[in-house]
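Worksheet: one structure, shown below.
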Amino acid sequence: MMDHLIALPVLLPLIAGLGLLLNREGPATPRRIIGLSATALLVAVCALLLVQSADGTIRYYALGDWQPPFGIILVHDRLSALMVTLTALLALGSLFYASAGNDEEGSNFHGLFQLQLMGINGAFLTGDLFNLFVFFEVLLIASYSLLMHGGGKARIHSGFHYVALNLAGSALFLIGLGVLYGTLGTLNMADMAARVPALDSSRLALAEAGAMLLLVVFGLKSAILPLYFWLPRAYASAPAPVAALFAILTKVGIYAILRVFTLVFGAQAGTLAYLAQPWVWWLSLATLALGGLGVLSARDLRTQVAYLIIISVGTLLAGIGMNSIEANAALLYYMVHTTLVTGGLFLLVDIIAHQRGKAGARIVRGRAVNQVALLGSLFFIGALAVAGIPPFSGAVGKALILEAATPAQQLWLWPILLTSSLAAIVALSRTGSTLFWRVSGGERRRERHESGERDKEHERDKDSERGQRRVGTMRAIGILLLLGASPLLVIFGGPLTAFTDAAADQLADQEAYISSIIEREAPGDTTGGKP
């Protein structure tokens, strides 16, 4: 069973998703139970993979026992184990929230949700660039449908732009793969890394062109400037649990840049060594600056959270552009923080918007929310965490990234990153005061009564007291699971930073990766194992 454990993060959501799509009729409760059970089991499997990866061994699973570089392989190291575990935790929180009623706004939600998990996990585990393209397409097809879940003009309009841009990105991806395959004769990443240093001068230009096409595609997926303009509208219009899950989608692009341009075009690539990092460095700083402006200018709370994701993308890509083991370790810690916290904020914003009536998520004076103390406290914690204020995990992650910068990099990174953090603090302070303080006592009581009446009408099919408690509990579990990760990341910061340090060291060791995949310890075995 342990030999097949690497394949389970792909197989579990695939089987659950197909089963849910084939049995999509009838009451929602059985589908919710299946979806939550499959996702909870996925969390357990990924946790086992994370523990197993701590021994430093790079393992792989050859599907059909077709050995690399010819067969399809899934690679399990510290980095891939961390990413699939992060995905599973985010998915579990999002699905708890969705199971309170959001999943009934349209058909096939749970099946599509599981298929998207399959695509995301496959992208993190694959050891082959063509299969990375395949898993990209799987997760994108599922995301197209989930983005428009429940319908509506805004979702369809933003979904059209999202689909069009990603189809263009897929075409460029295929072209880049074709160029690299024609140049290197392989798309297995370990085999590519072994062949790039031996390229003759006549093929270097073609390999560089293929690599830069991949950088454009991964930059589009990760939402780097000038390719990020699709993200705020798409994320702001998506249903809350879908937007929360989408917090990991930009990290797929960031992971691809980190993996490909550290492994294939890393230190051993000769003339093509670290081809992307200078480009990523300057574009990440510009992304950070414009992300800060976007947060300040946002007039809708969902859009504001989307721009907070842009700031996190700039911060993470700056870590890649800094091109050091210390920076890679720091960005991995920050990636865990920002993915879970921004996902939790999308869920929290949805509750706030529903309780404010006509004002919704707009940052304008409106009626008071029903649970001022609870929602206000959660918003305060989320705002402090995402802006990087101590003692929350955002401050630790940003401090690690700032510390990893060289003196020359500090001249650029420190003022831009700290200014974007200040912009987030100012914007979120303004938002919090507008949402929770700008309502008088008498008006607050009257509008709470009106809010209660509207909520009863909106939830008329769940008008029993027991049903309302269940809905509230499911949503609370989802939000607390994600936002509650921030203090836990600080409490367990020592073990986590030790793991991310080791993951960054392993990522930088190209020779160990290549020898673990291309060379076998024992023929016929489905796992390779050289540390």
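Ordering of the structure tokens sets the chain letters (A, B, ...); residue numbers start at 1 within each chain; ligands are numbered from 1 in the order shown.
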Check: Neighbours of segment 102-117 of chain A within 9 Å (only C-alpha atoms; same-chain residues fewer than 4 positions away dropped), as number ranges by chain?
Finding: A: 9-10, 12-22, 24-25, 28, 31-32, 34-35, 38-39, 87-88, 91, 95, 97-98, 121-122, 138-143, 145-146, 148-151, 239-242, 245
Item checked: alpha helix (DSSP H) positions in segment 80-259 of chain A, given as a VMD selection string -> chain A and resid 80 to 98 109 to 125 129 to 147 153 to 184 189 to 195 201 to 222 231 to 237 240 to 246 249 to 259
Can you build me a table of segment 348-426 of chain A residues sitting at most 10 Å from segment 489-510 of chain A, with the closest atom pair per residue and its distance in Å to one decimal, using only C-alpha atoms, sorted by chain and residue number, as a Markdown table?
| residue | atom | partner | partner_atom | distance |
| --- | --- | --- | --- | --- |
| A:Pro390 | CA | A:Val490 | CA | 9.7 |
| A:Pro391 | CA | A:Val490 | CA | 7.6 |
| A:Phe392 | CA | A:Val490 | CA | 6.5 |
| A:Ser393 | CA | A:Val490 | CA | 5.5 |
| A:Gly394 | CA | A:Val490 | CA | 9.2 |
| A:Ala395 | CA | A:Val490 | CA | 9.5 |
| A:Val396 | CA | A:Val490 | CA | 7.5 |
| A:Gly397 | CA | A:Val490 | CA | 9.6 |
| A:Leu400 | CA | A:Thr497 | CA | 9.6 |
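Here atom CA of Ala485 of chain A stands at a distance of 12.4 Å from atom CA of Met335 of chain A.
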Item checked: Given only C-alpha atoms as the counted atoms, nearest of A:Tyr235, A:Trp281, A:Phe133, A:Phe96 to Met474 of chain A -> A:Phe96
